[in-house]
Amino acid sequence: MNSLFLAPHHDDETLWGSWTILRHQPHVIVCLRSDLQEKRGTGITNAQRVTETSRALWWLGDPTVEFWQFSDADPDWNALDWKLTEVYDKNPDLKCVFCPAYEEDGH
């Protein structure tokens, strides 16, 4: 892996990263499991969100993708930080990371 695309939630990779994914074909990581929508009673499950993301990425060239299991209902930010550190440590050839800009009170 020489490039990585971090998507905080499902659909972030498609909504703000389509061109980047088409152009660079990075490894995609969706960091937060989609639990809030189901808890709010919207009828949308995490399984549906995984399917949507997988299908959208297929249209974007079918890059490799991982779905991490940190709940968006109550993220364990320390554990997520450690997991990111592991990714960096295991991939010394990583040259580029695409991720959203920091947002006050955001993720």
# chains A, B, ... in the order shown; residues from 1 in each chain; ligands from 1

call {"tool": "residues_around", "arguments": {"residues": "Asp62 (chain A)", "least_positions_apart": "5", "cutoff": "12 Å", "atoms": "only C-alpha atoms", "output": "list in words"}}
result
Ser18, Ile21, Leu22, Arg23, His24, Gln25, Pro26, His27, Val28, Thr53, Ser54, Arg55, Ala56 and Leu57 of chain A

call {"tool": "write_last_selection", "arguments": {"atoms": "N, CA and C atoms", "output": "PDB file, in the first residue's frame"}}
result
ATOM      1  N   SER A  18     -14.373  11.073  -4.363  1.00  0.00           N
ATOM      2  CA  SER A  18     -14.481  10.304  -5.599  1.00  0.00           C
ATOM      3  C   SER A  18     -13.331  10.545  -6.568  1.00  0.00           C
ATOM      4  N   ILE A  21     -10.081   9.046  -5.276  1.00  0.00           N
ATOM      5  CA  ILE A  21     -10.086   7.588  -5.358  1.00  0.00           C
ATOM      6  C   ILE A  21      -9.927   7.123  -6.804  1.00  0.00           C
ATOM      7  N   LEU A  22     -10.631   7.764  -7.727  1.00  0.00           N
ATOM      8  CA  LEU A  22     -10.476   7.417  -9.147  1.00  0.00           C
ATOM      9  C   LEU A  22      -9.036   7.606  -9.612  1.00  0.00           C
ATOM     10  N   ARG A  23      -8.446   8.690  -9.206  1.00  0.00           N
ATOM     11  CA  ARG A  23      -7.111   9.053  -9.685  1.00  0.00           C
ATOM     12  C   ARG A  23      -5.990   8.235  -9.039  1.00  0.00           C
ATOM     13  N   HIS A  24      -6.065   8.025  -7.732  1.00  0.00           N
ATOM     14  CA  HIS A  24      -4.950   7.412  -6.997  1.00  0.00           C
ATOM     15  C   HIS A  24      -5.177   5.959  -6.583  1.00  0.00           C
ATOM     16  N   GLN A  25      -6.429   5.488  -6.598  1.00  0.00           N
ATOM     17  CA  GLN A  25      -6.756   4.122  -6.168  1.00  0.00           C
ATOM     18  C   GLN A  25      -6.114   3.768  -4.821  1.00  0.00           C
ATOM     19  N   PRO A  26      -6.323   4.609  -3.803  1.00  0.00           N
ATOM     20  CA  PRO A  26      -5.743   4.315  -2.492  1.00  0.00           C
ATOM     21  C   PRO A  26      -6.484   3.178  -1.801  1.00  0.00           C
ATOM     22  N   HIS A  27      -5.849   2.620  -0.797  1.00  0.00           N
ATOM     23  CA  HIS A  27      -6.536   1.702   0.109  1.00  0.00           C
ATOM     24  C   HIS A  27      -7.494   2.564   0.935  1.00  0.00           C
ATOM     25  N   VAL A  28      -8.759   2.173   1.039  1.00  0.00           N
ATOM     26  CA  VAL A  28      -9.780   2.960   1.745  1.00  0.00           C
ATOM     27  C   VAL A  28     -10.081   2.315   3.089  1.00  0.00           C
ATOM     28  N   THR A  53     -21.401   1.434   0.383  1.00  0.00           N
ATOM     29  CA  THR A  53     -20.016   1.857   0.216  1.00  0.00           C
ATOM     30  C   THR A  53     -19.280   0.942  -0.753  1.00  0.00           C
ATOM     31  N   SER A  54     -19.458  -0.353  -0.596  1.00  0.00           N
ATOM     32  CA  SER A  54     -18.799  -1.322  -1.474  1.00  0.00           C
ATOM     33  C   SER A  54     -19.208  -1.119  -2.928  1.00  0.00           C
ATOM     34  N   ARG A  55     -20.483  -0.894  -3.159  1.00  0.00           N
ATOM     35  CA  ARG A  55     -20.968  -0.676  -4.536  1.00  0.00           C
ATOM     36  C   ARG A  55     -20.435   0.641  -5.106  1.00  0.00           C
ATOM     37  N   ALA A  56     -20.432   1.679  -4.305  1.00  0.00           N
ATOM     38  CA  ALA A  56     -19.906   2.967  -4.782  1.00  0.00           C
ATOM     39  C   ALA A  56     -18.427   2.849  -5.125  1.00  0.00           C
ATOM     40  N   LEU A  57     -17.671   2.150  -4.280  1.00  0.00           N
ATOM     41  CA  LEU A  57     -16.243   1.984  -4.546  1.00  0.00           C
ATOM     42  C   LEU A  57     -15.996   1.129  -5.782  1.00  0.00           C
TER      43      LEU A  57
END

call {"tool": "residues_around", "arguments": {"residues": "region 36-38 of chain A", "least_positions_apart": "3", "cutoff": "12 Å", "atoms": "only C-alpha atoms", "output": "VMD selection string"}}
result
chain A and resid 9 to 10 32 to 33 41 to 49 70 to 75

call {"tool": "write_last_selection", "arguments": {"atoms": "N, CA, C and O atoms", "output": "compact mmCIF listing (two decimals), in the first residue's frame"}}
result
# COMPACT_ATOMS: atom_id res chain seq x y z
N HIS A 9 -16.85 8.22 8.06
CA HIS A 9 -18.13 7.52 8.03
C HIS A 9 -18.37 6.96 6.63
O HIS A 9 -17.74 7.40 5.67
N HIS A 10 -19.33 6.06 6.55
CA HIS A 10 -19.77 5.58 5.24
C HIS A 10 -20.26 6.77 4.43
O HIS A 10 -20.88 7.68 4.96
N LEU A 32 -15.45 4.55 11.12
CA LEU A 32 -16.53 4.41 12.10
C LEU A 32 -17.67 3.55 11.56
O LEU A 32 -18.16 3.78 10.46
N ARG A 33 -18.07 2.61 12.36
CA ARG A 33 -19.21 1.73 12.04
C ARG A 33 -20.49 2.54 12.18
O ARG A 33 -20.68 3.29 13.13
N GLY A 41 -33.67 4.89 14.77
CA GLY A 41 -34.89 4.34 14.18
C GLY A 41 -35.11 4.71 12.73
O GLY A 41 -36.25 4.72 12.27
N THR A 42 -34.05 5.00 12.00
CA THR A 42 -34.21 5.37 10.59
C THR A 42 -34.47 4.17 9.69
O THR A 42 -34.84 4.34 8.53
N GLY A 43 -34.24 2.96 10.21
CA GLY A 43 -34.42 1.77 9.40
C GLY A 43 -33.19 1.43 8.57
O GLY A 43 -33.21 0.50 7.78
N ILE A 44 -32.12 2.18 8.72
CA ILE A 44 -30.88 1.95 7.97
C ILE A 44 -29.89 1.23 8.88
O ILE A 44 -29.61 1.69 9.99
N THR A 45 -29.36 0.11 8.41
CA THR A 45 -28.43 -0.67 9.22
C THR A 45 -26.99 -0.47 8.74
O THR A 45 -26.75 0.01 7.63
N ASN A 46 -26.07 -0.87 9.58
CA ASN A 46 -24.66 -0.81 9.19
C ASN A 46 -24.42 -1.72 7.98
O ASN A 46 -23.67 -1.36 7.08
N ALA A 47 -25.07 -2.86 7.93
CA ALA A 47 -24.90 -3.78 6.80
C ALA A 47 -25.30 -3.10 5.48
O ALA A 47 -24.63 -3.26 4.46
N GLN A 48 -26.38 -2.33 5.52
CA GLN A 48 -26.79 -1.60 4.32
C GLN A 48 -25.73 -0.56 3.93
O GLN A 48 -25.43 -0.40 2.75
N ARG A 49 -25.19 0.12 4.91
CA ARG A 49 -24.18 1.15 4.64
C ARG A 49 -22.91 0.52 4.06
O ARG A 49 -22.28 1.08 3.17
N PHE A 70 -15.34 0.59 14.98
CA PHE A 70 -15.51 1.60 16.02
C PHE A 70 -16.87 2.25 15.81
O PHE A 70 -17.13 2.84 14.77
N SER A 71 -17.75 2.15 16.79
CA SER A 71 -19.11 2.65 16.64
C SER A 71 -19.13 4.17 16.54
O SER A 71 -18.47 4.86 17.31
N ASP A 72 -19.94 4.69 15.63
CA ASP A 72 -20.11 6.13 15.55
C ASP A 72 -21.01 6.66 16.66
O ASP A 72 -21.12 7.85 16.88
N ALA A 73 -21.66 5.76 17.42
CA ALA A 73 -22.50 6.16 18.53
C ALA A 73 -21.68 6.61 19.73
O ALA A 73 -22.09 7.49 20.47
N ASP A 74 -20.52 6.01 19.92
CA ASP A 74 -19.64 6.36 21.03
C ASP A 74 -18.22 5.92 20.69
O ASP A 74 -17.74 4.91 21.22
N PRO A 75 -17.54 6.65 19.80
CA PRO A 75 -16.22 6.21 19.32
C PRO A 75 -15.18 6.16 20.44
O PRO A 75 -15.13 7.03 21.29

call {"tool": "residues_around", "arguments": {"residues": "region 89-105 of chain A", "least_positions_apart": "2", "cutoff": "8 Å", "atoms": "only C-alpha atoms", "output": "count of residues only"}}
result
11

call {"tool": "select_by_dssp", "arguments": {"residues": "chain A", "states": "strand (DSSP E or B)", "output": "ChimeraX atom specification"}}
result
/A:3-7,27-33,65-71,96-98

call {"tool": "atom_distance", "arguments": {"atom1": "CA of Leu84 (chain A)", "atom2": "CA of Asp12 (chain A)"}}
result
17.8 Å

call {"tool": "atom_distance", "arguments": {"atom1": "CA of Thr51 (chain A)", "atom2": "CA of Lys39 (chain A)"}}
result
18.7 Å

call {"tool": "atom_distance", "arguments": {"atom1": "CA of Asp35 (chain A)", "atom2": "CA of Gln69 (chain A)"}}
result
9.9 Å
